[in-house]
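Source file protein_30.txt; content: compact mmCIF, C-alpha atoms.
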```txt
# COMPACT_ATOMS: atom_id res chain seq x y z
CA MET A 1 -1.14 -7.82 -2.07
CA ARG A 2 -2.72 -11.17 -1.28
CA ASP A 3 -6.18 -12.18 -0.14
CA ALA A 4 -4.63 -13.50 3.07
CA TYR A 5 -3.43 -9.98 3.95
CA VAL A 6 -6.83 -8.28 3.57
CA GLY A 7 -8.05 -6.64 6.77
CA ASP A 8 -4.76 -6.82 8.63
CA ILE A 9 -3.79 -3.80 10.74
CA THR A 10 -1.74 -2.51 7.81
CA ASP A 11 -4.95 -2.19 5.80
CA LEU A 12 -6.60 -0.09 8.49
CA ILE A 13 -3.63 2.28 8.43
CA LYS A 14 -3.18 2.48 4.67
CA PHE A 15 -6.87 2.92 3.84
CA SER A 16 -7.25 5.62 6.48
CA LEU A 17 -4.27 7.43 4.95
CA LEU A 18 -5.62 7.03 1.41
CA ARG A 19 -9.01 8.33 2.47
CA THR A 20 -7.35 11.43 3.92
CA LEU A 21 -5.16 12.02 0.86
CA THR A 22 -7.99 11.49 -1.62
CA GLY A 23 -10.37 13.91 0.07
CA ASP A 24 -13.30 15.07 -2.04
CA ASP A 25 -11.46 16.20 -5.14
CA ARG A 26 -9.00 13.50 -6.20
CA GLN A 27 -9.55 10.50 -8.43
CA LEU A 28 -8.08 7.50 -6.61
CA GLY A 29 -6.50 4.55 -8.38
CA ILE A 30 -5.15 1.45 -6.62
CA ALA A 31 -2.76 -1.04 -8.20
CA TRP A 32 -2.82 -4.06 -5.91
CA TYR A 33 0.15 -5.94 -7.40
CA TYR A 34 -2.08 -8.92 -6.73
CA LEU A 35 -0.59 -12.36 -6.05
CA GLU A 36 -2.68 -15.49 -5.72
CA GLY A 37 -2.28 -18.01 -2.92
CA ARG A 38 -0.31 -17.79 0.29
CA ASP A 39 3.36 -17.33 1.00
CA ASN A 40 5.32 -18.53 4.01
CA HIS A 41 5.02 -15.28 5.94
CA VAL A 42 2.80 -14.54 8.90
CA ASP A 43 1.74 -11.17 7.49
CA GLY A 44 -2.00 -10.80 7.57
CA ARG A 45 -2.64 -12.47 10.89
CA HIS A 46 -3.01 -9.34 13.00
CA LEU A 47 -6.72 -8.67 13.28
CA GLU A 48 -6.67 -7.65 16.94
CA TRP A 49 -7.75 -4.15 15.95
CA CYS A 50 -11.23 -5.46 15.11
CA ASP A 51 -12.00 -5.92 18.81
CA GLN A 52 -10.02 -3.02 20.24
CA GLU A 53 -12.20 0.04 20.74
CA HIS A 54 -9.40 2.60 20.52
CA TRP A 55 -8.83 1.82 16.84
CA LYS A 56 -12.24 3.27 16.07
CA LEU A 57 -10.78 6.67 16.92
CA PHE A 58 -8.20 6.31 14.16
CA ASP A 59 -10.81 6.56 11.41
CA PRO A 60 -14.35 5.54 12.42
CA ASP A 61 -15.61 5.23 8.83
CA VAL A 62 -12.74 3.05 7.63
CA HIS A 63 -13.02 0.95 10.79
CA ALA A 64 -16.74 0.34 10.26
CA TRP A 65 -16.22 -0.54 6.58
CA LEU A 66 -13.16 -2.77 6.93
CA ARG A 67 -14.07 -4.71 10.08
CA PRO A 68 -16.71 -7.03 8.54
CA ILE A 69 -14.45 -7.72 5.55
CA ALA A 70 -11.59 -8.61 7.89
CA GLN A 71 -13.80 -10.91 9.90
CA SER A 72 -15.63 -12.76 7.16
CA ASP A 73 -14.59 -11.97 3.58
CA ARG A 74 -10.84 -11.59 3.28
CA ARG A 75 -10.53 -11.06 -0.46
CA VAL A 76 -9.09 -8.21 -2.49
CA MET A 77 -12.24 -8.29 -4.61
CA ALA A 78 -14.32 -7.69 -1.48
CA LEU A 79 -12.45 -4.41 -1.04
CA GLU A 80 -13.22 -3.45 -4.62
CA ASP A 81 -16.84 -4.59 -4.61
CA SER A 82 -17.82 -2.44 -1.64
CA ALA A 83 -19.24 1.03 -2.18
CA PHE A 84 -16.70 2.64 0.14
CA TRP A 85 -14.59 4.16 -2.66
CA PRO A 86 -17.03 5.88 -5.03
CA GLY A 87 -15.39 6.63 -8.34
CA ALA A 88 -12.16 4.80 -7.51
CA SER A 89 -10.40 2.63 -10.07
CA PHE A 90 -8.57 -0.61 -9.36
CA PHE A 91 -6.06 -2.77 -11.17
CA SER A 92 -6.16 -6.30 -9.77
CA ARG A 93 -4.67 -8.38 -12.57
CA THR A 94 -2.24 -10.94 -11.12
CA VAL A 95 1.42 -9.90 -11.34
CA PRO A 96 3.03 -12.08 -14.04
CA ASP A 97 6.59 -13.30 -14.46
CA ARG A 98 9.21 -11.07 -16.07
CA ARG A 99 8.41 -12.22 -19.61
CA SER A 100 4.91 -10.72 -19.41
CA ARG A 101 5.63 -7.85 -17.04
CA ALA A 102 5.80 -5.13 -19.71
CA THR A 103 2.35 -6.05 -21.08
CA TRP A 104 0.95 -6.15 -17.55
CA SER A 105 2.48 -2.76 -16.79
CA ARG A 106 0.93 -1.18 -19.89
CA ALA A 107 -2.47 -2.54 -18.88
CA LYS A 108 -2.00 -1.02 -15.42
CA ARG A 109 -1.19 2.40 -16.87
CA SER A 110 -4.23 2.26 -19.11
CA ALA A 111 -6.60 1.22 -16.32
CA LEU A 112 -5.44 4.09 -14.08
CA GLU A 113 -4.86 6.71 -16.76
CA HIS A 114 -7.55 9.08 -15.51
CA CYS A 115 -6.45 8.95 -11.84
CA ASP A 116 -4.55 11.78 -10.18
CA LEU A 117 -3.70 9.83 -6.99
CA ILE A 118 -2.35 6.30 -7.46
CA PHE A 119 -1.47 3.88 -4.67
CA LEU A 120 0.92 0.99 -5.36
CA ASP A 121 0.54 -2.00 -3.02
CA PRO A 122 3.22 -4.65 -3.70
CA ASP A 123 4.06 -7.30 -1.11
CA ASN A 124 7.58 -6.06 -0.45
CA GLY A 125 7.73 -2.42 -1.53
CA VAL A 126 9.89 -0.85 -4.24
CA ARG A 127 12.93 -2.61 -5.63
CA ASP A 128 13.85 -4.61 -8.70
CA GLY A 129 10.44 -5.35 -10.16
CA SER A 130 10.14 -8.95 -9.00
CA ARG A 131 6.58 -10.19 -8.56
CA LYS A 132 6.66 -8.93 -4.95
CA HIS A 133 8.00 -5.47 -5.79
CA ALA A 134 7.04 -2.37 -7.71
CA ALA A 135 9.76 -1.48 -10.21
CA LEU A 136 11.26 1.99 -10.46
CA ASP A 137 10.66 1.95 -14.22
CA GLU A 138 6.95 1.34 -13.62
CA ILE A 139 6.76 4.24 -11.22
CA LYS A 140 8.54 6.44 -13.76
CA GLU A 141 5.99 5.50 -16.42
CA LEU A 142 3.07 6.29 -14.11
CA TYR A 143 4.40 9.62 -12.88
CA ARG A 144 3.38 12.90 -14.51
CA ASP A 145 2.68 16.49 -13.54
CA GLY A 146 -0.57 16.82 -11.62
CA ARG A 147 -0.49 13.23 -10.38
CA SER A 148 0.69 11.95 -7.01
CA ILE A 149 1.87 8.37 -6.48
CA VAL A 150 1.95 6.67 -3.09
CA CYS A 151 4.14 3.59 -2.53
CA ILE A 152 4.15 1.33 0.51
CA SER A 153 7.52 0.22 1.91
CA PHE A 154 8.61 -2.30 4.52
CA PRO A 155 11.84 -1.28 6.29
CA HIS A 156 14.45 -3.86 7.21
CA ARG A 157 17.01 -4.03 10.01
CA ASN A 158 20.16 -4.09 7.91
CA MET A 159 20.39 -0.31 7.57
CA PRO A 160 19.36 2.59 9.83
CA TYR A 161 15.86 3.76 9.03
CA ALA A 162 16.95 7.29 8.15
CA GLU A 163 19.39 5.90 5.58
CA GLN A 164 16.70 3.67 4.10
CA VAL A 165 14.34 6.62 3.69
CA ALA A 166 17.07 8.72 2.09
CA LEU A 167 18.00 5.92 -0.32
CA LEU A 168 14.41 5.26 -1.34
CA GLN A 169 13.69 8.93 -1.91
CA ARG A 170 16.88 9.34 -3.94
CA GLN A 171 15.97 6.37 -6.13
CA LEU A 172 12.47 7.72 -6.69
CA HIS A 173 13.81 11.18 -7.50
CA ASP A 174 16.26 9.72 -10.01
CA ALA A 175 13.47 7.69 -11.60
CA THR A 176 10.79 10.38 -11.80
CA GLY A 177 12.65 13.68 -11.58
CA SER A 178 10.22 14.84 -8.90
CA ALA A 179 11.63 17.11 -6.22
CA LYS A 180 8.51 16.70 -4.09
CA ILE A 181 8.90 13.39 -2.31
CA LEU A 182 8.08 12.70 1.32
CA THR A 183 7.77 9.56 3.43
CA ILE A 184 5.17 9.04 6.14
CA ARG A 185 6.53 6.58 8.68
CA THR A 186 4.08 4.55 10.74
CA SER A 187 4.67 1.94 13.42
CA VAL A 188 2.30 -0.04 15.61
CA SER A 189 2.88 -2.73 18.21
CA VAL A 190 1.47 -6.17 17.44
CA PRO A 191 1.42 -9.29 19.65
CA ALA A 192 4.52 -11.47 19.54
CA LYS A 193 4.49 -15.24 19.76
CA LYS A 194 5.50 -15.06 23.42
CA PRO A 195 2.41 -14.23 25.52
CA GLY A 196 2.37 -10.69 26.85
CA MET A 197 5.08 -9.47 24.47
CA THR A 198 4.73 -7.14 21.49
CA ILE A 199 6.89 -6.28 18.50
CA PRO A 200 6.96 -3.06 16.46
CA ARG A 201 5.65 -3.21 12.92
CA ALA A 202 6.81 -0.39 10.66
CA ARG A 203 5.09 0.55 7.42
CA TRP A 204 6.13 3.55 5.35
CA PHE A 205 4.17 5.41 2.71
CA THR A 206 6.16 7.53 0.28
CA VAL A 207 4.33 10.21 -1.68
CA ILE A 208 5.82 11.26 -5.02
CA GLY A 209 4.65 14.53 -6.54
CA TYR A 210 2.73 15.95 -3.61
CA ASP A 211 1.14 19.38 -3.77
CA GLU A 212 0.31 21.92 -1.09
CA ALA A 213 -3.32 20.84 -0.83
CA LEU A 214 -2.25 17.24 -0.22
CA LEU A 215 0.16 18.31 2.52
CA GLN A 216 -2.69 19.92 4.41
```
Rendering of file as structure tokens:
Amino acid sequence: MRDAYVGDITDLIKFSLLRTLTGDDRQLGIAWYYLEGRDNHVDGRHLEWCDQEHWKLFDPDVHAWLRPIAQSDRRVMALEDSAFWPGASFFSRTVPDRRSRATWSRAKRSALEHCDLIFLDPDNGVRDGSRKHAALDEIKELYRDGRSIVCISFPHRNMPYAEQVALLQRQLHDATGSAKILTIRTSVSVPAKKPGMTIPRARWFTVIGYDEALLQ
């Protein structure tokens, strides 16, 4: 997660989902996998939703909260400093290089120890534990009975989507031992560079250790 991504359409989707999953009885924890500065990607530029009325129907409360941040204060700390998530815990320490990753990971576990729903928000999903990924070992260390973990993923075009979902869920099962893993697949159309054209943007949210109340 980077400051430049704050308020993008992905945020509207993911925060609406987290609000639904958290409900009134779960302690939410968010690990941003924060990275300073900008990269060379165009992610974060899609703020069209701010001026499109139909997005208010998606989640009016999240829309009203996130819109001013997206328009004027695009910082991860602005998300934390708001009063929108009462009782939530955040871990926003910058992701270090591999030499310091274990210490960073322990600090993350400690900061979110009391949470029973944890969202992991790396730039590029789950893979090898580079600075842009959440590592399977880290997910294994966070997982426990009575706790659900939600991971964001960004599908690619080199493998059919169904195969990507199956592979990810198999890796997460092998890492955590959980038999209760599901993936929520979302896709929205965003403007392409060519005027009048749109491109699909897929974002997946995989829930590890769901319970029946969460499914409802």
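With only C-alpha atoms as the atoms that count, the minimum distance from His156 (chain A) to the choices A:Val190, A:Thr198, A:Ala179, A:Arg203 is reached by A:Arg203.
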Shortest interatomic distance to His46 (chain A) - which of A:Val188, A:Ser130, A:Val207, A:Glu141, counting all atoms listed in the file: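 Closest candidate: A:Val188.
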Between A:Arg131, A:Arg98, A:Lys108, A:Arg147, which residue has the minimum interatomic distance to Arg26 (chain A), considering only C-alpha atoms?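 For Arg26 (chain A), the nearest of the given residues is A:Arg147.
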Counting all atoms listed in the file, write as a VMD selection string all protein and nucleic acid residues lying at most 10 Å from (11.6, 6.7, -1.6) in the file's frame. chain A and resid 125 to 126 150 to 153 164 to 173 181 to 183 204 to 208
Measuring atom to atom with all atoms listed in the file, identify which of A:Glu138, A:Lys193, A:Arg109, A:Arg67 is nearest to Leu79 (chain A).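 Using all atoms listed in the file, the shortest distance to Leu79 (chain A) belongs to A:Arg67.
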For Gly177 (chain A), which residue among A:Tyr161, A:Tyr210, A:Phe84, A:Tyr143 is the nearest when counting only C-alpha atoms?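 That would be A:Tyr143, the residue with the smallest distance to Gly177 (chain A).
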What is the CA of Phe90 (chain A)-CA of Pro60 (chain A) distance in Å, reported with one decimal? 23.4 Å
Counting only C-alpha atoms, the option among A:Leu28, A:Pro195, A:Asp73, A:Ile184 closest to Ser148 (chain A):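 Once distances to Ser148 (chain A) are computed over only C-alpha atoms, the minimum belongs to A:Leu28.
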Applying 12 Å and all atoms listed in the file, which residues near Arg101 (chain A) remain after dropping the ones on its own chain fewer than 4 positions away? List them as a PyMOL selection string. chain A and resi 33+93-97+105-108+129-131+133-135+137-138
Could you give me, as a PyMOL selection string, the residues within 7 Å of Phe119 (chain A), counting only C-alpha atoms and dropping anything in the same chain fewer than 2 positions from it? chain A and resi 29-31+117+121+149-151
One decimal, Å: what's the distance from CA of Ser89 (chain A) over to CA of Thr186 (chain A), could you say?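 According to the coordinates, CA of Ser89 (chain A) and CA of Thr186 (chain A) are separated by 25.4 Å.
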Mind giving me the straight-line distance from CA of Leu17 (chain A) to CA of Asp61 (chain A) in Å, one decimal?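 Between CA of Leu17 (chain A) and CA of Asp61 (chain A) the gap works out to 12.2 Å.
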Can you tell me which residues surround Met77 (chain A) at a distance of at most 9 Å, considering all atoms listed in the file, apart from same-chain residues fewer than 4 positions away, and format the answer as a PDB file with C-alpha atoms, keeping the file's coordinate frame?
```
ATOM      1  CA  ASP A   3      -6.180 -12.180  -0.140  1.00  0.00           C
ATOM      2  CA  ASP A  81     -16.840  -4.590  -4.610  1.00  0.00           C
ATOM      3  CA  SER A  82     -17.820  -2.440  -1.640  1.00  0.00           C
ATOM      4  CA  SER A  92      -6.160  -6.300  -9.770  1.00  0.00           C
TER       5      SER A  92
END
```
Could you give me, as a PyMOL selection string, the residues that have an atom at most 10 Å away from the point (-5.7, 1.0, 15.1) in the coordinates of the file, using all atoms listed in the file? chain A and resi 9-13+16+47-50+52-59+63+188-189
For region 41-62 of chain A, which lacks atoms in the input, supply N, CA and C atoms and format the output as a tab-separated table (two decimals), in the coordinates of the input.
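Written out: result.tsv:
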```tsv
chain	number	residue	atom	x	y	z
A	41	HIS	N	4.93	-16.32	4.92
A	41	HIS	CA	5.02	-15.28	5.94
A	41	HIS	C	3.78	-15.27	6.82
A	42	VAL	N	3.92	-14.64	7.97
A	42	VAL	CA	2.80	-14.54	8.90
A	42	VAL	C	2.04	-13.24	8.72
A	43	ASP	N	2.45	-12.42	7.74
A	43	ASP	CA	1.74	-11.17	7.49
A	43	ASP	C	0.27	-11.47	7.23
A	44	GLY	N	-0.57	-10.62	7.76
A	44	GLY	CA	-2.00	-10.80	7.57
A	44	GLY	C	-2.72	-11.38	8.76
A	45	ARG	N	-1.99	-11.81	9.76
A	45	ARG	CA	-2.64	-12.47	10.89
A	45	ARG	C	-3.14	-11.50	11.96
A	46	HIS	N	-2.71	-10.25	11.89
A	46	HIS	CA	-3.01	-9.34	13.00
A	46	HIS	C	-4.33	-8.61	12.78
A	47	LEU	N	-5.37	-9.22	13.34
A	47	LEU	CA	-6.72	-8.67	13.28
A	47	LEU	C	-7.20	-8.19	14.65
A	48	GLU	N	-6.28	-8.05	15.59
A	48	GLU	CA	-6.67	-7.65	16.94
A	48	GLU	C	-7.43	-6.33	16.95
A	49	TRP	N	-7.12	-5.47	15.99
A	49	TRP	CA	-7.75	-4.15	15.95
A	49	TRP	C	-9.26	-4.24	15.86
A	50	CYS	N	-9.78	-5.32	15.29
A	50	CYS	CA	-11.23	-5.46	15.11
A	50	CYS	C	-11.98	-5.41	16.44
A	51	ASP	N	-11.33	-5.85	17.51
A	51	ASP	CA	-12.00	-5.92	18.81
A	51	ASP	C	-11.41	-4.95	19.83
A	52	GLN	N	-10.61	-4.01	19.34
A	52	GLN	CA	-10.02	-3.02	20.24
A	52	GLN	C	-10.65	-1.65	19.96
A	53	GLU	N	-11.39	-1.15	20.93
A	53	GLU	CA	-12.20	0.04	20.74
A	53	GLU	C	-11.39	1.27	20.33
A	54	HIS	N	-10.15	1.37	20.79
A	54	HIS	CA	-9.40	2.60	20.52
A	54	HIS	C	-9.09	2.77	19.04
A	55	TRP	N	-9.10	1.68	18.26
A	55	TRP	CA	-8.83	1.82	16.84
A	55	TRP	C	-9.97	2.50	16.10
A	56	LYS	N	-11.14	2.54	16.69
A	56	LYS	CA	-12.24	3.27	16.07
A	56	LYS	C	-11.93	4.76	15.98
A	57	LEU	N	-11.11	5.25	16.91
A	57	LEU	CA	-10.78	6.67	16.92
A	57	LEU	C	-9.85	7.04	15.77
A	58	PHE	N	-9.15	6.06	15.23
A	58	PHE	CA	-8.20	6.31	14.16
A	58	PHE	C	-8.91	6.83	12.92
A	59	ASP	N	-9.94	6.13	12.50
A	59	ASP	CA	-10.81	6.56	11.41
A	59	ASP	C	-12.10	5.75	11.52
A	60	PRO	N	-13.13	6.30	12.16
A	60	PRO	CA	-14.35	5.54	12.42
A	60	PRO	C	-14.98	4.96	11.15
A	61	ASP	N	-14.96	5.70	10.06
A	61	ASP	CA	-15.61	5.23	8.83
A	61	ASP	C	-14.85	4.06	8.22
A	62	VAL	N	-13.53	4.16	8.17
A	62	VAL	CA	-12.74	3.05	7.63
A	62	VAL	C	-12.87	1.83	8.54
```
